[in-house]
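A quick write-up on the structure given underneath.
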Amino acid sequence: MAGRPREFDRDAALDAAMYLFWRKGYEAASMHDLCDAMGVRSPSLYAAFESKEALYLAAIEHYVETQGEPVWDRLAEGATARAGIEKLLIGAAETLPKSRSAPAGCMAVLGAVSDEWPATITRAVRKVRLDMLDNLRGRIEAAVGSGELPASTDTEALSRFYLSVFQGMAIQAKDGATPAELRGAVEAAMAAWPGEG
């Protein structure tokens, strides 16, 4: 005998949960809100995701894959590390402001400054942010290895600087900064690249 078919499309429900968590945060998004957004009753939600915490973990993973990767993949697109970081930040300037389909900011950045999370979520989202730092560090270390940047470059400090720019842009976007305003921040950040000016 075949199992009963699911009452909903899991990917569509996860997408709806992601947007709700992104907009409201973990604590403020009630189970009632989540059921409404996902178009399911709570037994179906629990059957598919087990708990609100498990749903948030699935939602942040979905966010990284669908929203984060298209922006962070730009880091590898530049012929140089400087060009890659500039492409990343320009991509952020284009996508971080609120749009018709998405809330403003970065789900992984904003929750860190405004939400109370269970320990498992704290660890998972911290890993997302540390992966961002690792990606920047890897690109900058490669630039030192290729001679694009001098051997004396403090790769850790430079990586943290550009991650701070990205994170600051996410918060500014949440506060209503426009793509043009964020592109101005990108220009200022790129003027700080070693050897510029």
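All residue names refer to the structure tokens as shown: chains lettered A, B, ... in order, residues numbered from 1 in each chain, ligands numbered from 1 in order.
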
Exercise: segment 117-119 of chain A partners within 9 Å, only C-alpha atoms, chain neighbours under 5 positions left out, as a PyMOL selection string
chain A and resi 26-27+53+111-112+124

Please produce, as a tab-separated table, a per-residue contact table for segment 9-105 of chain A versus segment 131-143 of chain A (criterion: any atom at most 12 Å away, only C-alpha atoms considered), showing the nearest atom pair and its distance in Å to one decimal, sorted by chain then residue number.
residue	atom	partner	partner_atom	distance
A:Val64	CA	A:Met132	CA	10.6
A:Gly68	CA	A:Met132	CA	9.7
A:Glu69	CA	A:Met132	CA	10.3
A:Val71	CA	A:Met132	CA	11.0
A:Trp72	CA	A:Met132	CA	7.9
A:Asp73	CA	A:Asn135	CA	9.7
A:Arg74	CA	A:Asn135	CA	11.0
A:Leu75	CA	A:Arg139	CA	7.8
A:Ala76	CA	A:Arg139	CA	7.7
A:Glu77	CA	A:Arg139	CA	10.9
A:Gly78	CA	A:Arg139	CA	10.2
A:Ala79	CA	A:Ala143	CA	10.4
A:Thr80	CA	A:Ala143	CA	7.2
A:Ala81	CA	A:Arg139	CA	5.8
A:Arg82	CA	A:Ile140	CA	8.3
A:Ala83	CA	A:Arg139	CA	10.6
A:Gly84	CA	A:Arg139	CA	8.2
A:Ile85	CA	A:Leu136	CA	7.7
A:Glu86	CA	A:Leu136	CA	11.4
A:Leu88	CA	A:Leu136	CA	9.9
A:Leu89	CA	A:Leu136	CA	11.5

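Counting only C-alpha atoms, Lys174 of chain A has the following residues at most 7 Å away, ignoring those fewer than 5 positions along the same chain: Pro97, Ala104 and Gly105 of chain A.
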
Restricting it to N, CA, C and O atoms, dump the selection as a PDB file, in the first residue's frame.
ATOM      1  N   PRO A  97      18.834  45.340  -1.254  1.00  0.00           N
ATOM      2  CA  PRO A  97      17.643  46.173  -1.014  1.00  0.00           C
ATOM      3  C   PRO A  97      16.363  45.366  -1.232  1.00  0.00           C
ATOM      4  O   PRO A  97      16.334  44.405  -2.010  1.00  0.00           O
ATOM      5  N   ALA A 104      14.498  43.019   2.556  1.00  0.00           N
ATOM      6  CA  ALA A 104      15.811  43.662   2.458  1.00  0.00           C
ATOM      7  C   ALA A 104      16.816  42.957   3.361  1.00  0.00           C
ATOM      8  O   ALA A 104      16.466  42.357   4.361  1.00  0.00           O
ATOM      9  N   GLY A 105      18.087  43.070   2.986  1.00  0.00           N
ATOM     10  CA  GLY A 105      19.171  42.564   3.817  1.00  0.00           C
ATOM     11  C   GLY A 105      19.529  41.121   3.524  1.00  0.00           C
ATOM     12  O   GLY A 105      19.092  40.539   2.540  1.00  0.00           O
TER      13      GLY A 105
END

I'd like to know which residues of segment 5-163 of chain A are helix (DSSP H, G or I) (by DSSP, run on the backbone); could you write them as a PyMOL selection string?
chain A and resi 10-24+31-38+42-49+52-76+81-95+107-114+119-146+155-163

Within 12 Å of Trp22 of chain A using only C-alpha atoms, minus same-chain residues under 2 positions, as JSON, numbers by chain
{"A": [14, 15, 16, 17, 18, 19, 20, 24, 25, 26, 27, 28, 29, 34, 56, 59, 60, 62, 63, 64, 67, 96, 98, 101, 102, 103, 104, 105, 106, 107, 108, 109, 110, 111, 112, 114, 115, 174]}

Keeping only N, CA, C and O atoms, write the selected residues as a compact mmCIF listing (two decimals), in the first residue's frame.
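Below you can see result-v4.txt, which holds the result:
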# COMPACT_ATOMS: atom_id res chain seq x y z
N LEU A 14 8.98 25.45 1.87
CA LEU A 14 10.26 25.88 2.44
C LEU A 14 10.60 27.29 1.97
O LEU A 14 11.09 28.11 2.76
N ASP A 15 10.30 27.59 0.73
CA ASP A 15 10.52 28.94 0.21
C ASP A 15 9.69 29.96 1.01
O ASP A 15 10.19 31.01 1.40
N ALA A 16 8.43 29.63 1.24
CA ALA A 16 7.54 30.53 2.00
C ALA A 16 8.06 30.71 3.43
O ALA A 16 8.06 31.83 3.96
N ALA A 17 8.51 29.63 4.06
CA ALA A 17 9.05 29.71 5.42
C ALA A 17 10.31 30.57 5.43
O ALA A 17 10.51 31.39 6.34
N MET A 18 11.17 30.40 4.43
CA MET A 18 12.40 31.18 4.35
C MET A 18 12.08 32.68 4.32
O MET A 18 12.66 33.46 5.07
N TYR A 19 11.16 33.08 3.46
CA TYR A 19 10.81 34.50 3.36
C TYR A 19 10.21 35.03 4.66
O TYR A 19 10.49 36.16 5.06
N LEU A 20 9.39 34.21 5.32
CA LEU A 20 8.80 34.65 6.59
C LEU A 20 9.88 34.82 7.67
O LEU A 20 9.94 35.84 8.36
N LYS A 24 10.67 38.31 9.44
CA LYS A 24 10.28 38.49 10.84
C LYS A 24 11.33 38.04 11.84
O LYS A 24 11.29 38.47 12.99
N GLY A 25 12.24 37.13 11.45
CA GLY A 25 13.16 36.55 12.40
C GLY A 25 12.60 35.27 13.00
O GLY A 25 11.41 34.97 12.86
N TYR A 26 13.45 34.52 13.66
CA TYR A 26 13.07 33.22 14.21
C TYR A 26 12.01 33.37 15.31
O TYR A 26 10.97 32.74 15.28
N GLU A 27 12.30 34.20 16.29
CA GLU A 27 11.41 34.33 17.44
C GLU A 27 10.04 34.88 17.06
O GLU A 27 9.02 34.38 17.52
N ALA A 28 10.02 35.91 16.23
CA ALA A 28 8.75 36.59 15.91
C ALA A 28 7.86 35.78 14.97
O ALA A 28 6.66 36.00 14.90
N ALA A 29 8.44 34.84 14.25
CA ALA A 29 7.64 34.02 13.33
C ALA A 29 6.98 32.89 14.14
O ALA A 29 7.65 31.95 14.55
N LEU A 34 3.78 30.62 10.31
CA LEU A 34 4.46 29.70 9.39
C LEU A 34 3.45 28.84 8.65
O LEU A 34 3.55 28.66 7.43
N TYR A 56 13.69 26.15 10.56
CA TYR A 56 14.59 27.29 10.36
C TYR A 56 15.92 26.84 9.77
O TYR A 56 16.46 27.48 8.87
N ALA A 59 15.41 26.27 6.28
CA ALA A 59 15.19 27.55 5.59
C ALA A 59 16.50 28.29 5.37
O ALA A 59 16.71 28.88 4.31
N ILE A 60 17.40 28.28 6.35
CA ILE A 60 18.68 28.99 6.17
C ILE A 60 19.54 28.28 5.12
O ILE A 60 20.20 28.92 4.32
N HIS A 62 18.30 26.64 2.60
CA HIS A 62 17.62 27.01 1.35
C HIS A 62 18.00 28.43 0.95
O HIS A 62 18.24 28.72 -0.23
N TYR A 63 18.10 29.33 1.93
CA TYR A 63 18.51 30.71 1.67
C TYR A 63 19.91 30.75 1.07
O TYR A 63 20.16 31.44 0.06
N VAL A 64 20.84 30.03 1.67
CA VAL A 64 22.22 30.02 1.17
C VAL A 64 22.25 29.54 -0.28
O VAL A 64 22.91 30.15 -1.13
N GLN A 67 19.61 32.23 -2.50
CA GLN A 67 19.84 33.67 -2.45
C GLN A 67 21.32 34.01 -2.31
O GLN A 67 21.80 34.96 -2.93
N LEU A 96 20.56 43.16 -2.11
CA LEU A 96 20.23 43.35 -0.69
C LEU A 96 19.02 44.27 -0.45
O LEU A 96 18.26 44.03 0.48
N LYS A 98 15.31 45.79 -0.55
CA LYS A 98 14.01 45.11 -0.65
C LYS A 98 13.54 45.12 -2.10
O LYS A 98 13.69 46.11 -2.81
N SER A 101 9.90 40.57 -4.41
CA SER A 101 9.88 39.16 -4.00
C SER A 101 10.65 38.88 -2.72
O SER A 101 10.45 37.84 -2.12
N ALA A 102 11.54 39.77 -2.31
CA ALA A 102 12.40 39.45 -1.17
C ALA A 102 12.50 40.60 -0.17
O ALA A 102 12.51 41.76 -0.56
N PRO A 103 12.61 40.26 1.12
CA PRO A 103 12.86 41.29 2.12
C PRO A 103 14.25 41.89 1.92
O PRO A 103 15.10 41.32 1.23
N ALA A 104 14.50 43.02 2.56
CA ALA A 104 15.81 43.66 2.46
C ALA A 104 16.82 42.96 3.36
O ALA A 104 16.47 42.36 4.36
N GLY A 105 18.09 43.07 2.99
CA GLY A 105 19.17 42.56 3.82
C GLY A 105 19.53 41.12 3.52
O GLY A 105 19.09 40.54 2.54
N CYS A 106 20.33 40.56 4.39
CA CYS A 106 20.82 39.18 4.28
C CYS A 106 20.32 38.41 5.49
O CYS A 106 20.57 38.81 6.63
N MET A 107 19.61 37.34 5.26
CA MET A 107 19.03 36.55 6.34
C MET A 107 20.09 36.10 7.35
O MET A 107 19.86 36.11 8.55
N ALA A 108 21.28 35.72 6.86
CA ALA A 108 22.33 35.22 7.75
C ALA A 108 23.00 36.33 8.54
O ALA A 108 23.56 36.08 9.60
N VAL A 109 22.95 37.54 8.04
CA VAL A 109 23.57 38.68 8.75
C VAL A 109 22.57 39.30 9.71
O VAL A 109 22.88 39.55 10.88
N LEU A 110 21.35 39.55 9.25
CA LEU A 110 20.39 40.30 10.06
C LEU A 110 19.98 39.57 11.33
O LEU A 110 19.86 40.18 12.39
N GLY A 111 19.79 38.27 11.24
CA GLY A 111 19.40 37.52 12.42
C GLY A 111 20.46 37.58 13.51
O GLY A 111 20.15 37.54 14.69
N ALA A 112 21.71 37.70 13.12
CA ALA A 112 22.80 37.73 14.09
C ALA A 112 22.76 38.95 14.97
O ALA A 112 23.26 38.94 16.09
N SER A 114 19.75 40.71 15.54
CA SER A 114 18.41 41.07 16.00
C SER A 114 17.57 39.90 16.48
O SER A 114 16.39 40.08 16.71
N ASP A 115 18.13 38.74 16.65
CA ASP A 115 17.28 37.59 16.95
C ASP A 115 17.89 36.75 18.07
O ASP A 115 19.10 36.76 18.28
N LYS A 174 18.49 46.98 4.96
CA LYS A 174 17.33 46.80 5.85
C LYS A 174 16.78 48.15 6.28
O LYS A 174 15.57 48.31 6.45

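Closest approach to Ala13 of chain A among A:Val165, A:Ala47, A:Cys35, A:Ile121 is made by A:Cys35 (distances from only C-alpha atoms).
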